[in-house]
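Containing CSV, C-alpha atoms: start.csv.
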```
chain,number,residue,atom,x,y,z
V,1,MET,CA,0.0,0.0,0.0
V,2,PRO,CA,1.6,3.3,-1.1
V,3,ARG,CA,2.4,5.7,1.8
V,4,ILE,CA,2.0,9.4,1.0
V,5,LEU,CA,2.9,12.4,3.2
V,6,LEU,CA,0.8,15.6,2.9
V,7,ILE,CA,2.4,18.8,4.2
V,8,ASP,CA,-0.3,21.4,4.5
V,9,ASP,CA,-1.2,23.8,7.3
V,10,ASP,CA,-5.0,23.4,6.6
V,11,GLU,CA,-5.9,21.0,9.4
V,12,HIS,CA,-9.3,20.5,8.0
V,13,LEU,CA,-7.9,19.1,4.8
V,14,ALA,CA,-6.0,16.1,6.1
V,15,ALA,CA,-8.9,14.1,7.5
V,16,PRO,CA,-11.2,13.9,4.4
V,17,LEU,CA,-8.2,13.3,2.1
V,18,THR,CA,-6.9,10.5,4.3
V,19,THR,CA,-10.3,8.8,4.0
V,20,TYR,CA,-10.4,9.4,0.3
V,21,PHE,CA,-6.9,8.1,-0.4
V,22,ALA,CA,-7.7,5.0,1.6
V,23,ARG,CA,-10.5,4.2,-0.8
V,24,PHE,CA,-7.9,3.9,-3.5
V,25,GLY,CA,-5.5,1.8,-1.5
V,26,CYS,CA,-3.2,4.6,-0.3
V,27,THR,CA,-2.1,5.5,3.2
V,28,LEU,CA,-2.1,9.3,3.7
V,29,GLU,CA,-0.3,10.8,6.6
V,30,SER,CA,0.0,14.5,7.3
V,31,ALA,CA,2.0,17.3,8.8
V,32,VAL,CA,1.0,20.9,9.3
V,33,ARG,CA,4.5,22.5,9.5
V,34,PRO,CA,7.5,22.0,7.2
V,35,SER,CA,9.8,21.1,10.1
V,36,GLU,CA,7.4,18.3,11.1
V,37,GLY,CA,7.1,17.1,7.5
V,38,LEU,CA,10.9,17.0,7.1
V,39,ALA,CA,11.2,15.0,10.3
V,40,LYS,CA,8.6,12.5,9.1
V,41,LEU,CA,10.3,12.1,5.7
V,42,ARG,CA,13.7,11.5,7.4
V,43,ALA,CA,12.2,9.0,9.8
V,44,GLY,CA,10.0,7.0,7.6
V,45,GLN,CA,9.6,5.5,4.1
V,46,TYR,CA,7.2,7.4,1.9
V,47,ASP,CA,6.3,6.8,-1.7
V,48,ALA,CA,5.4,10.4,-2.5
V,49,ALA,CA,4.9,13.8,-0.9
V,50,ILE,CA,2.2,16.5,-1.4
V,51,LEU,CA,3.3,20.0,-0.6
V,52,ASP,CA,1.2,23.1,-0.2
V,53,VAL,CA,2.9,26.3,-1.5
V,54,MET,CA,1.5,28.5,1.3
V,55,LEU,CA,3.1,27.2,4.5
V,56,PRO,CA,4.4,28.6,7.8
V,57,GLU,CA,8.1,28.6,8.5
V,58,MET,CA,9.0,28.3,4.8
V,59,ASP,CA,6.9,28.2,1.7
V,60,GLY,CA,6.4,25.0,-0.4
V,61,PHE,CA,9.1,26.0,-2.9
V,62,ALA,CA,11.7,26.3,-0.2
V,63,LEU,CA,10.5,23.0,1.4
V,64,CYS,CA,10.7,21.3,-2.0
V,65,ARG,CA,14.3,22.5,-2.3
V,66,GLU,CA,15.1,21.1,1.1
V,67,ILE,CA,13.6,17.8,0.3
V,68,ARG,CA,15.5,17.6,-3.0
V,69,LYS,CA,18.8,18.0,-1.1
V,70,GLU,CA,18.1,14.6,0.6
V,71,SER,CA,15.6,12.6,-1.5
V,72,ASP,CA,14.3,12.0,-5.0
V,73,ILE,CA,10.8,11.1,-3.7
V,74,PRO,CA,8.0,12.1,-6.1
V,75,ILE,CA,6.6,15.5,-5.2
V,76,VAL,CA,3.2,17.1,-6.1
V,77,MET,CA,2.8,20.8,-5.4
V,78,LEU,CA,-0.5,22.3,-4.4
V,79,THR,CA,-0.7,25.9,-5.8
V,80,ALA,CA,-3.3,28.4,-4.6
V,81,ARG,CA,-3.6,30.1,-8.0
V,82,GLY,CA,-2.5,27.5,-10.5
V,83,GLU,CA,-0.4,30.2,-12.3
V,84,VAL,CA,2.1,29.1,-14.9
V,85,MET,CA,4.9,30.8,-12.9
V,86,ASP,CA,4.1,28.7,-9.9
V,87,ARG,CA,4.3,25.6,-12.0
V,88,VAL,CA,7.6,26.6,-13.6
V,89,VAL,CA,9.2,27.4,-10.2
V,90,GLY,CA,8.0,24.1,-8.7
V,91,LEU,CA,9.4,22.1,-11.7
V,92,GLU,CA,12.7,24.0,-11.6
V,93,LEU,CA,13.1,23.0,-8.0
V,94,GLY,CA,12.4,19.3,-8.7
V,95,ALA,CA,8.7,18.9,-8.3
V,96,ASP,CA,7.1,16.2,-10.4
V,97,ASP,CA,3.6,17.6,-10.8
V,98,TYR,CA,1.3,20.3,-9.5
V,99,VAL,CA,-2.4,20.6,-8.7
V,100,PRO,CA,-4.1,24.0,-8.4
V,101,LYS,CA,-6.4,24.8,-5.5
V,102,PRO,CA,-9.3,24.3,-5.2
V,103,PHE,CA,-9.1,20.8,-6.5
V,104,GLU,CA,-11.3,17.6,-6.5
V,105,PRO,CA,-9.8,14.9,-4.3
V,106,ARG,CA,-10.1,12.4,-7.2
V,107,GLU,CA,-7.9,14.6,-9.3
V,108,LEU,CA,-5.2,14.7,-6.6
V,109,VAL,CA,-5.4,10.9,-6.2
V,110,ALA,CA,-5.1,10.5,-9.9
V,111,ARG,CA,-2.0,12.6,-10.2
V,112,VAL,CA,-0.3,10.7,-7.4
V,113,GLN,CA,-1.3,7.4,-8.9
V,114,THR,CA,0.1,8.5,-12.3
V,115,ILE,CA,3.4,9.4,-10.7
V,116,LEU,CA,3.6,6.1,-8.8
V,117,ARG,CA,2.6,4.1,-11.9
V,118,ARG,CA,5.4,5.8,-13.9
V,119,GLN,CA,7.9,5.0,-11.2
V,120,ARG,CA,7.0,1.3,-11.4
V,121,SER,CA,6.7,1.1,-15.2
V,122,ALA,CA,9.5,3.4,-16.3
V,123,PRO,CA,12.2,0.8,-16.8
V,124,ALA,CA,10.0,-1.3,-19.2
V,125,ALA,CA,8.6,1.7,-21.0
V,126,ALA,CA,11.9,3.4,-21.4
V,127,THR,CA,13.4,0.5,-23.3
V,128,ASN,CA,10.5,0.7,-25.8
V,129,GLY,CA,10.2,-3.1,-25.8
V,130,SER,CA,13.9,-3.9,-25.6
V,131,SER,CA,15.1,-6.5,-23.2
V,132,ALA,CA,18.3,-4.6,-22.4
V,133,GLN,CA,18.0,-3.0,-19.0
V,134,HIS,CA,21.6,-1.7,-18.7
V,135,ARG,CA,22.7,1.0,-21.1
V,136,VAL,CA,26.4,2.1,-21.1
V,137,PHE,CA,27.8,5.1,-22.9
V,138,ASP,CA,31.1,6.9,-22.7
V,139,GLY,CA,31.1,8.3,-19.1
V,140,LEU,CA,27.5,7.4,-18.5
V,141,SER,CA,25.8,4.2,-17.2
V,142,ILE,CA,22.1,3.8,-16.9
V,143,ASP,CA,20.7,0.8,-15.0
V,144,LEU,CA,17.0,0.7,-15.8
V,145,ASP,CA,16.1,-2.1,-13.3
V,146,ARG,CA,17.7,-0.3,-10.3
V,147,ARG,CA,16.9,3.1,-11.6
V,148,GLN,CA,20.5,4.1,-11.1
V,149,VAL,CA,22.7,6.5,-13.1
V,150,LEU,CA,26.5,6.7,-12.9
V,151,ARG,CA,28.5,9.5,-14.3
V,152,HIS,CA,32.2,8.5,-14.6
V,153,GLY,CA,31.5,5.9,-11.9
V,154,GLU,CA,29.8,8.4,-9.5
V,155,ARG,CA,26.1,8.0,-8.7
V,156,VAL,CA,23.8,10.8,-9.9
V,157,GLU,CA,20.7,11.4,-7.9
V,158,LEU,CA,17.8,12.1,-10.2
V,159,THR,CA,14.1,12.7,-9.6
V,160,GLY,CA,11.7,10.2,-11.2
V,161,THR,CA,10.9,12.5,-14.1
V,162,GLU,CA,14.6,13.3,-14.7
V,163,PHE,CA,15.4,9.6,-14.8
V,164,GLU,CA,12.5,8.8,-17.1
V,165,LEU,CA,13.6,11.5,-19.5
V,166,LEU,CA,17.2,10.2,-19.6
V,167,ALA,CA,16.0,6.6,-20.1
V,168,LEU,CA,13.7,7.7,-22.9
V,169,LEU,CA,16.6,9.5,-24.7
V,170,ALA,CA,18.9,6.6,-24.1
V,171,ALA,CA,16.5,4.1,-25.6
V,172,GLU,CA,17.3,5.5,-29.0
V,173,PRO,CA,20.5,7.5,-28.9
V,174,GLY,CA,20.7,10.1,-31.6
V,175,LYS,CA,17.0,10.2,-32.2
V,176,VAL,CA,15.5,13.6,-31.9
V,177,PHE,CA,12.5,13.7,-29.5
V,178,SER,CA,10.2,16.7,-29.9
V,179,ARG,CA,8.8,18.3,-26.8
V,180,ASP,CA,5.4,16.9,-27.6
V,181,ASP,CA,6.9,13.4,-28.0
V,182,ILE,CA,8.5,13.7,-24.5
V,183,LEU,CA,5.3,15.1,-22.9
V,184,ASN,CA,3.2,12.3,-24.3
V,185,ARG,CA,5.7,9.5,-23.4
V,186,LEU,CA,6.5,10.7,-19.9
V,187,ARG,CA,3.5,12.5,-18.4
V,188,GLY,CA,0.6,10.6,-20.0
V,189,HIS,CA,-2.6,12.1,-21.2
V,190,GLU,CA,-4.2,12.6,-17.7
V,191,ALA,CA,-2.0,15.5,-16.8
V,192,GLU,CA,-2.2,19.0,-18.2
V,193,LEU,CA,0.6,19.4,-20.7
V,194,TYR,CA,2.7,22.4,-21.5
V,195,THR,CA,6.0,22.5,-23.4
V,196,ARG,CA,7.8,24.7,-20.9
V,197,ALA,CA,7.9,21.8,-18.5
V,198,VAL,CA,10.2,19.8,-20.8
V,199,ASP,CA,12.7,22.6,-21.1
V,200,ILE,CA,12.9,22.8,-17.3
V,201,VAL,CA,13.4,19.1,-16.8
V,202,VAL,CA,16.1,19.0,-19.5
V,203,SER,CA,17.9,21.9,-17.9
V,204,ARG,CA,17.9,20.2,-14.5
V,205,LEU,CA,19.1,16.9,-16.0
V,206,ARG,CA,21.9,18.6,-17.9
V,207,LYS,CA,23.1,20.3,-14.8
V,208,LYS,CA,23.2,17.1,-12.9
V,209,LEU,CA,25.1,15.3,-15.6
V,210,GLU,CA,27.9,17.9,-15.9
V,211,PRO,CA,30.6,17.9,-17.0
V,212,LEU,CA,29.1,15.5,-19.5
V,213,ASP,CA,27.6,17.4,-22.4
V,214,CYS,CA,25.4,14.6,-23.8
V,215,ILE,CA,21.9,16.1,-24.3
V,216,LYS,CA,21.8,18.2,-27.5
V,217,THR,CA,19.2,20.7,-28.5
V,218,LEU,CA,18.1,20.9,-32.1
V,219,ARG,CA,16.4,24.2,-32.6
V,220,ASN,CA,12.7,23.9,-33.4
V,221,ALA,CA,13.0,20.1,-33.3
V,222,GLY,CA,13.7,18.8,-29.8
V,223,TYR,CA,16.3,17.0,-27.8
V,224,ALA,CA,18.6,14.0,-28.4
V,225,LEU,CA,21.2,12.0,-26.5
V,226,ALA,CA,24.5,12.5,-28.3
V,227,VAL,CA,27.1,10.3,-26.7
V,228,ALA,CA,28.9,7.2,-27.9
V,229,ARG,CA,27.6,3.8,-26.9
V,230,SER,CA,29.9,1.3,-25.3
V,231,GLU,CA,29.7,-2.2,-23.9
V,232,PRO,CA,29.1,-2.9,-20.2
V,233,ALA,CA,32.3,-3.9,-18.3
```

Now, as a test, write the supplied structure out as structure tokens.
Amino acid sequence: MPRILLIDDDEHLAAPLTTYFARFGCTLESAVRPSEGLAKLRAGQYDAAILDVMLPEMDGFALCREIRKESDIPIVMLTARGEVMDRVVGLELGADDYVPKPFEPRELVARVQTILRRQRSAPAAATNGSSAQHRVFDGLSIDLDRRQVLRHGERVELTGTEFELLALLAAEPGKVFSRDDILNRLRGHEAELYTRAVDIVVSRLRKKLEPLDCIKTLRNAGYALAVARSEPA
């Protein structure tokens, strides 16, 4: 049963959401302050976190940044306005999705389920039917089964979306994937799509893979993995 942590200072929100998530086989726990939420994340094993943007102590964006220093757990942001800039900031900080307030509980459950489903199915999907689960390039190793990436032998911590993007590009090195291709393959059709999200995730991934320069941008076309393939040791 997936275990989800909600960090939201609205004490009246947790109880009905806990009941609703239970109907779909998920355990929802809650914290009303960021410090309490961080302590719970450090002490327990959670499958995803839901963060409100408007919080005491620190806002949800700062909290997302703190979590990303320690964990690649999937994160869904709750934004009060649902503005594009809120979505962009959240994605730049490492969030996997967002839901604007007010929201229907079923939509929030669906977003979390989609992220968890992608986490489970990404290795198989990323290979596009191939049986090869370990892809090795010059300076870069991608283990699809373990969801592990090594850069020159050093492990790189990626969020779920970052890993799925890299695995998708690595499935067909040299192939140019348009932004729409990437959105449709990685986010599914349930979530609201917008092309700016792809640019943000690519930027985050490039930074984490430095000094490797292996993701190329083809103007008005998309992105491709441009690195030589090698055989596993």

query: If you measure from atom CA of V:Arg151 to atom CA of V:Arg196, what distance in Å do you get, rounded to one decimal?
result: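 Taking atom CA of V:Arg151 as the start and atom CA of V:Arg196 as the end point, the length is 26.5 Å.
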
Worksheet item: Neighbours of V:Gln113 within 10 Å (all atoms listed in the file; same-chain residues fewer than 6 positions away dropped), as an MDAnalysis selection string?
Response: chainID V and resid 2 24 26 48 107 119

For stretch 90-105 of chain V, list every protein, DNA or RNA residue within 10 Å, evaluated using only C-alpha atoms, and leave out those in the same chain fewer than 4 positions away; present the list as number ranges by chain. V: 16-17, 20-21, 48-53, 60-68, 72-86, 109-112, 114-115, 158-162, 187, 191-192, 196-204

As a check of understanding: the span from atom CA of V:Val32 to atom CA of V:Leu5 is 10.6 Å

Report as JSON the centre and the edge lengths, in Å to one decimal, of the axis-aligned box holding every listed atom of stretch 145-148 of chain V, padded by 5 Å on each side.
```
{"center_x": 18.3, "center_y": 1.0, "center_z": -11.8, "size_x": 14.4, "size_y": 16.2, "size_z": 13.0}
```

message: Could you check the closest approach to V:Val156 for each of V:Arg23, V:His12, V:Arg206, V:Arg87 and tell me which residue wins, using all atoms listed in the file?
response: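 Answer, going by the shortest atom-to-atom distance: V:Arg206.
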
Check your understanding: Do you know which residues lie at most 9 Å from (0.0, 12.8, 6.2), with coordinates as in the file and only C-alpha atoms counted, and could you write them as a list in words?
Key ->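 Every polymer residue passing the test: Arg3, Ile4, Leu5, Leu6, Ile7, Asp8, Ala14, Thr18, Thr27, Leu28, Glu29, Ser30, Ala31, Val32, Gly37, Ala49 and Ile50 of chain V.
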
Among V:Glu210, V:Glu172, V:Asp9, V:Glu164, V:His152 is approached most closely, using all atoms listed in the file, by V:Glu210

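Each of V:Val149, V:Ala39, V:Ala170, V:Leu140 was checked against V:Asp213 using all atoms listed in the file; the smallest atom-to-atom distance is that of V:Leu140.
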
Determine, counting all atoms listed in the file, which protein, DNA and RNA residues have an atom within 12 Å of an atom of V:Gly153; residues of the same chain fewer than 2 positions away are not included. Present the result as a PyMOL selection string.
chain V and resi 136-142+148-151+155-156+209+233

Preceding selection exported with C-alpha atoms as a tab-separated table (two decimals), keeping the file's coordinate frame:
```tsv
chain	number	residue	atom	x	y	z
V	136	VAL	CA	26.40	2.10	-21.10
V	137	PHE	CA	27.80	5.10	-22.90
V	138	ASP	CA	31.10	6.90	-22.70
V	139	GLY	CA	31.10	8.30	-19.10
V	140	LEU	CA	27.50	7.40	-18.50
V	141	SER	CA	25.80	4.20	-17.20
V	142	ILE	CA	22.10	3.80	-16.90
V	148	GLN	CA	20.50	4.10	-11.10
V	149	VAL	CA	22.70	6.50	-13.10
V	150	LEU	CA	26.50	6.70	-12.90
V	151	ARG	CA	28.50	9.50	-14.30
V	155	ARG	CA	26.10	8.00	-8.70
V	156	VAL	CA	23.80	10.80	-9.90
V	209	LEU	CA	25.10	15.30	-15.60
V	233	ALA	CA	32.30	-3.90	-18.30
```

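The gap separating atom CA of V:Ala221 from atom CA of V:His134 is 27.6 Å, in Å to one decimal.
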
Hey, could you patch up stretch 151-186 of chain V with N, CA and C atoms and hand it over as a PDB file, keeping the file's coordinate frame?
```
ATOM      1  N   ARG V 151      27.766   8.629 -13.449  1.00  0.00           N
ATOM      2  CA  ARG V 151      28.500   9.500 -14.300  1.00  0.00           C
ATOM      3  C   ARG V 151      29.979   9.415 -13.954  1.00  0.00           C
ATOM      4  N   HIS V 152      30.773   8.832 -14.870  1.00  0.00           N
ATOM      5  CA  HIS V 152      32.200   8.500 -14.600  1.00  0.00           C
ATOM      6  C   HIS V 152      32.316   7.745 -13.294  1.00  0.00           C
ATOM      7  N   GLY V 153      31.413   6.803 -13.093  1.00  0.00           N
ATOM      8  CA  GLY V 153      31.500   5.900 -11.900  1.00  0.00           C
ATOM      9  C   GLY V 153      30.841   6.484 -10.666  1.00  0.00           C
ATOM     10  N   GLU V 154      30.412   7.741 -10.693  1.00  0.00           N
ATOM     11  CA  GLU V 154      29.800   8.400  -9.500  1.00  0.00           C
ATOM     12  C   GLU V 154      28.303   8.428  -9.677  1.00  0.00           C
ATOM     13  N   ARG V 155      27.594   8.029  -8.636  1.00  0.00           N
ATOM     14  CA  ARG V 155      26.100   8.000  -8.700  1.00  0.00           C
ATOM     15  C   ARG V 155      25.555   9.401  -8.828  1.00  0.00           C
ATOM     16  N   VAL V 156      24.556   9.538  -9.687  1.00  0.00           N
ATOM     17  CA  VAL V 156      23.800  10.800  -9.900  1.00  0.00           C
ATOM     18  C   VAL V 156      22.432  10.638  -9.358  1.00  0.00           C
ATOM     19  N   GLU V 157      22.034  11.500  -8.413  1.00  0.00           N
ATOM     20  CA  GLU V 157      20.700  11.400  -7.900  1.00  0.00           C
ATOM     21  C   GLU V 157      19.718  12.191  -8.756  1.00  0.00           C
ATOM     22  N   LEU V 158      18.758  11.471  -9.328  1.00  0.00           N
ATOM     23  CA  LEU V 158      17.800  12.100 -10.200  1.00  0.00           C
ATOM     24  C   LEU V 158      16.372  11.909  -9.655  1.00  0.00           C
ATOM     25  N   THR V 159      15.507  12.859  -9.958  1.00  0.00           N
ATOM     26  CA  THR V 159      14.100  12.700  -9.600  1.00  0.00           C
ATOM     27  C   THR V 159      13.507  11.663 -10.603  1.00  0.00           C
ATOM     28  N   GLY V 160      12.291  11.204 -10.303  1.00  0.00           N
ATOM     29  CA  GLY V 160      11.700  10.200 -11.200  1.00  0.00           C
ATOM     30  C   GLY V 160      11.504  10.736 -12.597  1.00  0.00           C
ATOM     31  N   THR V 161      11.074  11.986 -12.755  1.00  0.00           N
ATOM     32  CA  THR V 161      10.900  12.500 -14.100  1.00  0.00           C
ATOM     33  C   THR V 161      12.201  12.703 -14.823  1.00  0.00           C
ATOM     34  N   GLU V 162      13.248  13.122 -14.121  1.00  0.00           N
ATOM     35  CA  GLU V 162      14.600  13.300 -14.700  1.00  0.00           C
ATOM     36  C   GLU V 162      15.075  11.918 -15.232  1.00  0.00           C
ATOM     37  N   PHE V 163      14.909  10.883 -14.399  1.00  0.00           N
ATOM     38  CA  PHE V 163      15.400   9.600 -14.800  1.00  0.00           C
ATOM     39  C   PHE V 163      14.614   9.062 -16.026  1.00  0.00           C
ATOM     40  N   GLU V 164      13.299   9.253 -16.021  1.00  0.00           N
ATOM     41  CA  GLU V 164      12.500   8.800 -17.100  1.00  0.00           C
ATOM     42  C   GLU V 164      12.859   9.495 -18.435  1.00  0.00           C
ATOM     43  N   LEU V 165      13.162  10.779 -18.352  1.00  0.00           N
ATOM     44  CA  LEU V 165      13.600  11.500 -19.500  1.00  0.00           C
ATOM     45  C   LEU V 165      14.902  10.976 -20.067  1.00  0.00           C
ATOM     46  N   LEU V 166      15.876  10.768 -19.180  1.00  0.00           N
ATOM     47  CA  LEU V 166      17.200  10.200 -19.600  1.00  0.00           C
ATOM     48  C   LEU V 166      17.012   8.843 -20.194  1.00  0.00           C
ATOM     49  N   ALA V 167      16.198   7.995 -19.560  1.00  0.00           N
ATOM     50  CA  ALA V 167      16.000   6.600 -20.100  1.00  0.00           C
ATOM     51  C   ALA V 167      15.327   6.663 -21.437  1.00  0.00           C
ATOM     52  N   LEU V 168      14.403   7.598 -21.627  1.00  0.00           N
ATOM     53  CA  LEU V 168      13.700   7.700 -22.900  1.00  0.00           C
ATOM     54  C   LEU V 168      14.738   8.095 -24.012  1.00  0.00           C
ATOM     55  N   LEU V 169      15.562   9.101 -23.751  1.00  0.00           N
ATOM     56  CA  LEU V 169      16.600   9.500 -24.700  1.00  0.00           C
ATOM     57  C   LEU V 169      17.568   8.417 -25.000  1.00  0.00           C
ATOM     58  N   ALA V 170      17.932   7.685 -23.935  1.00  0.00           N
ATOM     59  CA  ALA V 170      18.900   6.600 -24.100  1.00  0.00           C
ATOM     60  C   ALA V 170      18.409   5.406 -24.800  1.00  0.00           C
ATOM     61  N   ALA V 171      17.087   5.254 -24.861  1.00  0.00           N
ATOM     62  CA  ALA V 171      16.500   4.100 -25.600  1.00  0.00           C
ATOM     63  C   ALA V 171      16.832   4.153 -27.047  1.00  0.00           C
ATOM     64  N   GLU V 172      16.945   5.372 -27.603  1.00  0.00           N
ATOM     65  CA  GLU V 172      17.300   5.500 -29.000  1.00  0.00           C
ATOM     66  C   GLU V 172      18.254   6.685 -29.176  1.00  0.00           C
ATOM     67  N   PRO V 173      19.529   6.435 -28.847  1.00  0.00           N
ATOM     68  CA  PRO V 173      20.500   7.500 -28.900  1.00  0.00           C
ATOM     69  C   PRO V 173      20.591   8.118 -30.317  1.00  0.00           C
ATOM     70  N   GLY V 174      20.675   9.429 -30.343  1.00  0.00           N
ATOM     71  CA  GLY V 174      20.700  10.100 -31.600  1.00  0.00           C
ATOM     72  C   GLY V 174      19.394  10.519 -32.174  1.00  0.00           C
ATOM     73  N   LYS V 175      18.343   9.853 -31.745  1.00  0.00           N
ATOM     74  CA  LYS V 175      17.000  10.200 -32.200  1.00  0.00           C
ATOM     75  C   LYS V 175      16.559  11.503 -31.583  1.00  0.00           C
ATOM     76  N   VAL V 176      15.950  12.367 -32.376  1.00  0.00           N
ATOM     77  CA  VAL V 176      15.500  13.600 -31.900  1.00  0.00           C
ATOM     78  C   VAL V 176      14.027  13.455 -31.392  1.00  0.00           C
ATOM     79  N   PHE V 177      13.800  13.737 -30.110  1.00  0.00           N
ATOM     80  CA  PHE V 177      12.500  13.700 -29.500  1.00  0.00           C
ATOM     81  C   PHE V 177      11.940  15.107 -29.396  1.00  0.00           C
ATOM     82  N   SER V 178      10.799  15.376 -30.001  1.00  0.00           N
ATOM     83  CA  SER V 178      10.200  16.700 -29.900  1.00  0.00           C
ATOM     84  C   SER V 178       9.652  16.866 -28.464  1.00  0.00           C
ATOM     85  N   ARG V 179       9.347  18.100 -28.088  1.00  0.00           N
ATOM     86  CA  ARG V 179       8.800  18.300 -26.800  1.00  0.00           C
ATOM     87  C   ARG V 179       7.440  17.597 -26.622  1.00  0.00           C
ATOM     88  N   ASP V 180       6.639  17.593 -27.674  1.00  0.00           N
ATOM     89  CA  ASP V 180       5.400  16.900 -27.600  1.00  0.00           C
ATOM     90  C   ASP V 180       5.583  15.381 -27.430  1.00  0.00           C
ATOM     91  N   ASP V 181       6.597  14.821 -28.124  1.00  0.00           N
ATOM     92  CA  ASP V 181       6.900  13.400 -28.000  1.00  0.00           C
ATOM     93  C   ASP V 181       7.227  13.099 -26.491  1.00  0.00           C
ATOM     94  N   ILE V 182       8.052  13.948 -25.893  1.00  0.00           N
ATOM     95  CA  ILE V 182       8.500  13.700 -24.500  1.00  0.00           C
ATOM     96  C   ILE V 182       7.293  13.854 -23.555  1.00  0.00           C
ATOM     97  N   LEU V 183       6.484  14.879 -23.744  1.00  0.00           N
ATOM     98  CA  LEU V 183       5.300  15.100 -22.900  1.00  0.00           C
ATOM     99  C   LEU V 183       4.386  13.871 -22.959  1.00  0.00           C
ATOM    100  N   ASN V 184       4.112  13.405 -24.154  1.00  0.00           N
ATOM    101  CA  ASN V 184       3.200  12.300 -24.300  1.00  0.00           C
ATOM    102  C   ASN V 184       3.738  10.993 -23.768  1.00  0.00           C
ATOM    103  N   ARG V 185       5.045  10.796 -23.879  1.00  0.00           N
ATOM    104  CA  ARG V 185       5.700   9.500 -23.400  1.00  0.00           C
ATOM    105  C   ARG V 185       5.833   9.523 -21.902  1.00  0.00           C
ATOM    106  N   LEU V 186       6.132  10.670 -21.291  1.00  0.00           N
ATOM    107  CA  LEU V 186       6.500  10.700 -19.900  1.00  0.00           C
ATOM    108  C   LEU V 186       5.366  11.093 -18.948  1.00  0.00           C
TER     109      LEU V 186
END
```
